[in-house]
Amino acid sequence: MKLCIIGSGYVGLVTGACFAEVGHQVICVDNDQRKVDMLIAGEIPIYEPLLEGMVHKNVGAKRLSFTNSVEKGVDESEVIFIAVPTPPQPDGSVDLSYIEQAAREIAVVLKDYRVIVDKSTVPVKTGEKVAATIRRYNRAGAAFDVVSNPEFLREGCAVGDLMNPDRIVIGSSNEQATALMKKIYEPFMAPILVTDISSAELIKHAANSFLALKISYINMVSRICEASGADIENVADGIGADKRIGRNFLNAGIGYGGSCFPKDIAAFIAISEHLGEPFELLKEVQRINRTQCDRFIAKIREALWVLKDKKIAIWGLTFKPDTDDVRSSVAIDIVNQLVAEGAIVRAYDPKGMEKSQQMGLVPGVGFASSPLDAVQDAEALVIATEWKEFSNIGFQELKALMHTPLIFDGRNLLDPLVARQFGFTYYSIGRA
């Protein structure tokens with residue numbers, strides 16, 4: 001099929017590449033000419049495993065192309081996906097200006113029937129607003145249908161998630177539009193759930209909020225483990241062995257971050273309040289997540305007494321491994337708190353250092369060339385992101401480089417017994 005993706009960020013670019021991979025003809029549209037030029041030149045503006053090779057392969061096969069022209073994308077495609085940013089506003093609600101702009105731009109050039117798909121994560125009832133906007137600004141009176149098709153991509157494994165999805169949700173009230181959407185997803189061999197548009201829009205916010213709830217729940221249990229001498233890993237294994245619960249998202253740590261969970265939970269709280277049904281449980285999820293980071297900083301402060309002029313190594317800046325995304329990263333929050341208290345911080349991250357510097361997120365921080373370079377003469381090591389390469393570094397080599405053998409493991413990445421056998425004073429989350 002001929003498809004257009006408006007927006008070439010994480011969601012748009014991965015979606016476009018994967019659609020092209022299964023044989024569709026895809027045009028990715030973006031209003032950032034610099035990004036379009038980069039993509040045409042073969043440069044990928046984000047790091048996502050497997051993405052670069054897939055983009056290059058499908059550009060070479062002429063199934064994937066890039067442009068800044070919405071008109072070209074709409075004219076040459078049967079289905080138009082809107083995958084533009086939906087950033088949070090100060091009150092937690094969603095800024096829908098990019099969605100509205102995309103709808104207006106589509107409306108101006110729309111001449112014949114098209115299916116318009118909300119791929120971005122949007123509040124319930126957004127589909128109605130998109131349809132109303134297109135009707136208002138489309139002077140040709142062209143027929144169209146609006147569909148909701150939420151994405152469920154996890155950064156770091158987004159390509160795999162789209163190529164092998166758990167489910168595909170299609171919110172549609174029109175049989176023709178539904179049939180076209182099913183045709184797009186035929187190659188993916190996944191269960192398809194067809195709902196009304198409002199239900200589809202709610203599914204994404206409800207799903208992400210539930211996953212965040214699991215994280216805050218296990219982090220709260222980790223505090224009880226610390227107070228009682230229990231081990232959170234054993235407790236999480238016992239809980240997760242129940243098939244009704246599952247082990248995923250039951251990893252205690254310094255809290256969730258990134259561009260999705262904080263934004264989506266705040267949005268769902270705002271949505272529920274707007275609808276007159278305040279979601280107080282999610283406010284507690286937010287509070288636990290926020291204070292989890294504070295408790296971790298308190299551990300560092302208690303052990304080092306005074307943070308001023310202490311040399312502290314940081315492993316990890318991204319909000320999770322296998323991505324270069326540093327937006328709303330708890331690791332960044334920790335770094336900045338340590339710097340604010342006068343610590344001398346030297347950080348290393350396999351993919352996140354360049355973006356941290358470009359975005360000005362960690363002023364006053366030194367950047368290391370490797371994990372071992374970061375710990376040279378350090379009085380403490382803080383593990384803030386669970387990159388696999390960090391777990392492969394030997395304790396003996398680590399101890400030889402550090403001034404003081406002190407580790408604060410915010411992701412429970414290392415084995416506490418082995419660390420202590422090598423003479424480290426080791427702190428983690430919910431483990432004795």
# chains A, B, ... in the order shown; residues from 1 in each chain; ligands from 1
>>> residues_around(residues="Gly156 (chain A)", least_positions_apart="5", cutoff="6 Å", atoms="only C-alpha atoms", output="ChimeraX atom specification")
/A:48,322-323
>>> write_last_selection(atoms="C-alpha atoms", output="compact mmCIF listing (two decimals), in the first residue's frame")
# COMPACT_ATOMS: atom_id res chain seq x y z
CA GLU A 48 17.55 2.75 17.99
CA ASP A 322 19.75 0.81 24.21
CA THR A 323 18.62 4.33 23.37
>>> residues_around(residues="Arg420 (chain A)", least_positions_apart="2", cutoff="12 Å", atoms="only C-alpha atoms", output="ChimeraX atom specification")
/A:395-396,399,405-407,414-418,422-427,432
>>> residues_around(residues="region 281-286 of chain A", least_positions_apart="3", cutoff="12 Å", atoms="only C-alpha atoms", output="PyMOL selection string")
chain A and resi 92+205-206+208-220+255-257+261-273+277-278+289-293
>>> write_last_selection(atoms="N, CA and C atoms", output="compact mmCIF listing (two decimals), in the first residue's frame")
# COMPACT_ATOMS: atom_id res chain seq x y z
N GLY A 92 0.14 19.42 33.03
CA GLY A 92 0.08 17.98 32.78
C GLY A 92 -0.76 17.60 31.58
N HIS A 205 -3.13 5.39 27.04
CA HIS A 205 -2.89 6.06 28.32
C HIS A 205 -3.12 5.10 29.49
N ALA A 206 -4.15 4.26 29.38
CA ALA A 206 -4.43 3.32 30.45
C ALA A 206 -3.33 2.28 30.58
N ASN A 208 -0.01 2.51 29.62
CA ASN A 208 1.22 3.08 30.16
C ASN A 208 1.09 3.43 31.63
N SER A 209 -0.07 3.90 32.03
CA SER A 209 -0.29 4.24 33.43
C SER A 209 -0.24 2.99 34.31
N PHE A 210 -0.76 1.89 33.80
CA PHE A 210 -0.71 0.64 34.57
C PHE A 210 0.72 0.14 34.72
N LEU A 211 1.51 0.24 33.66
CA LEU A 211 2.91 -0.19 33.74
C LEU A 211 3.69 0.69 34.72
N ALA A 212 3.43 1.98 34.70
CA ALA A 212 4.08 2.88 35.66
C ALA A 212 3.65 2.54 37.08
N LEU A 213 2.38 2.16 37.24
CA LEU A 213 1.89 1.76 38.55
C LEU A 213 2.68 0.54 39.07
N LYS A 214 2.95 -0.44 38.18
CA LYS A 214 3.72 -1.61 38.59
C LYS A 214 5.12 -1.21 39.06
N ILE A 215 5.73 -0.24 38.36
CA ILE A 215 7.07 0.20 38.75
C ILE A 215 7.04 0.88 40.11
N SER A 216 6.09 1.78 40.31
CA SER A 216 6.01 2.46 41.60
C SER A 216 5.63 1.48 42.71
N TYR A 217 4.82 0.49 42.39
CA TYR A 217 4.45 -0.52 43.38
C TYR A 217 5.68 -1.28 43.86
N ILE A 218 6.48 -1.78 42.92
CA ILE A 218 7.65 -2.57 43.34
C ILE A 218 8.68 -1.68 44.03
N ASN A 219 8.75 -0.40 43.65
CA ASN A 219 9.67 0.50 44.35
C ASN A 219 9.21 0.75 45.79
N MET A 220 7.90 0.82 45.99
CA MET A 220 7.40 0.96 47.35
C MET A 220 7.68 -0.31 48.15
N GLY A 255 13.40 4.72 39.69
CA GLY A 255 12.16 5.28 39.15
C GLY A 255 12.14 5.31 37.64
N TYR A 256 10.94 5.49 37.11
CA TYR A 256 10.76 5.56 35.65
C TYR A 256 11.00 6.98 35.16
N GLY A 257 11.36 7.10 33.89
CA GLY A 257 11.55 8.40 33.26
C GLY A 257 11.25 8.26 31.78
N PHE A 261 6.29 7.65 29.87
CA PHE A 261 5.58 7.41 31.13
C PHE A 261 5.24 8.70 31.89
N PRO A 262 6.22 9.57 32.18
CA PRO A 262 5.86 10.78 32.93
C PRO A 262 4.79 11.61 32.23
N LYS A 263 4.94 11.74 30.91
CA LYS A 263 3.99 12.54 30.13
C LYS A 263 2.61 11.89 30.09
N ASP A 264 2.57 10.59 29.84
CA ASP A 264 1.29 9.92 29.69
C ASP A 264 0.51 9.82 30.99
N ILE A 265 1.23 9.63 32.11
CA ILE A 265 0.53 9.58 33.39
C ILE A 265 -0.04 10.94 33.75
N ALA A 266 0.76 11.99 33.54
CA ALA A 266 0.27 13.35 33.80
C ALA A 266 -0.94 13.65 32.91
N ALA A 267 -0.87 13.19 31.67
CA ALA A 267 -1.98 13.43 30.74
C ALA A 267 -3.23 12.67 31.19
N PHE A 268 -3.07 11.43 31.63
CA PHE A 268 -4.24 10.64 32.04
C PHE A 268 -4.88 11.23 33.30
N ILE A 269 -4.06 11.77 34.18
CA ILE A 269 -4.59 12.47 35.36
C ILE A 269 -5.41 13.67 34.92
N ALA A 270 -4.84 14.45 33.98
CA ALA A 270 -5.54 15.65 33.48
C ALA A 270 -6.83 15.26 32.75
N ILE A 271 -6.77 14.19 31.95
CA ILE A 271 -7.96 13.72 31.23
C ILE A 271 -9.06 13.33 32.20
N SER A 272 -8.67 12.55 33.22
CA SER A 272 -9.68 12.07 34.18
C SER A 272 -10.32 13.22 34.94
N GLU A 273 -9.51 14.21 35.29
CA GLU A 273 -10.06 15.37 36.00
C GLU A 273 -10.98 16.18 35.10
N GLU A 277 -13.71 12.67 36.81
CA GLU A 277 -13.42 11.43 37.55
C GLU A 277 -11.94 11.43 37.95
N PRO A 278 -11.54 12.21 38.94
CA PRO A 278 -10.12 12.33 39.32
C PRO A 278 -9.49 10.97 39.64
N ASN A 289 7.29 7.72 42.58
CA ASN A 289 8.37 7.79 41.60
C ASN A 289 9.30 8.97 41.89
N ARG A 290 8.70 10.10 42.22
CA ARG A 290 9.50 11.29 42.50
C ARG A 290 10.37 11.09 43.75
N THR A 291 9.79 10.53 44.79
CA THR A 291 10.53 10.37 46.05
C THR A 291 11.53 9.22 46.00
N GLN A 292 11.38 8.29 45.04
CA GLN A 292 12.35 7.20 44.91
C GLN A 292 13.72 7.76 44.57
N CYS A 293 13.75 8.73 43.68
CA CYS A 293 15.02 9.38 43.33
C CYS A 293 15.57 10.14 44.52
>>> residues_around(residues="Arg167 (chain A)", least_positions_apart="3", cutoff="7 Å", atoms="only C-alpha atoms", output="MDAnalysis selection string")
chainID A and resid 190:192
>>> write_last_selection(atoms="C-alpha atoms", output="PDB file, in the first residue's frame")
ATOM      1  CA  ALA A 190      -0.674 -10.141  15.156  1.00  0.00           C
ATOM      2  CA  PRO A 191      -4.069 -10.093  16.872  1.00  0.00           C
ATOM      3  CA  ILE A 192      -6.135  -7.085  15.758  1.00  0.00           C
TER       4      ILE A 192
END
>>> closest_residue(among="A:Ile383, A:Met402, A:Ile288, A:Ala303", to="Leu317 (chain A)", atoms="only C-alpha atoms")
A:Ile383
>>> select_by_dssp(residues="region 151-308 of chain A", states="alpha helix (DSSP H)", output="number ranges by chain")
A: 158-163, 175-185, 197-228, 232-240, 261-274, 280-304
>>> closest_residue(among="A:Gly16, A:Gly276, A:Pro49, A:Gly410", to="Gly430 (chain A)", atoms="only C-alpha atoms")
A:Gly410
>>> residues_around(residues="Leu398 (chain A)", least_positions_apart="3", cutoff="12 Å", atoms="only C-alpha atoms", output="PyMOL selection string")
chain A and resi 313+371-381+390-395+401-407+419+422-424
>>> select_by_dssp(residues="region 197-387 of chain A", states="strand (DSSP E or B)", output="VMD selection string")
chain A and resid 311 to 315 344 to 348 366 to 367 380 to 383
>>> atom_distance(atom1="CA of Ser328 (chain A)", atom2="CA of Glu151 (chain A)")
19.8 Å
>>> closest_residue(among="A:Phe367, A:Gly127, A:Ala252, A:Ile6", to="Cys225 (chain A)", atoms="only C-alpha atoms")
A:Ala252
>>> closest_residue(among="A:Ser77, A:Ser199, A:Thr133, A:Ser69", to="Val115 (chain A)", atoms="only C-alpha atoms")
A:Ser77
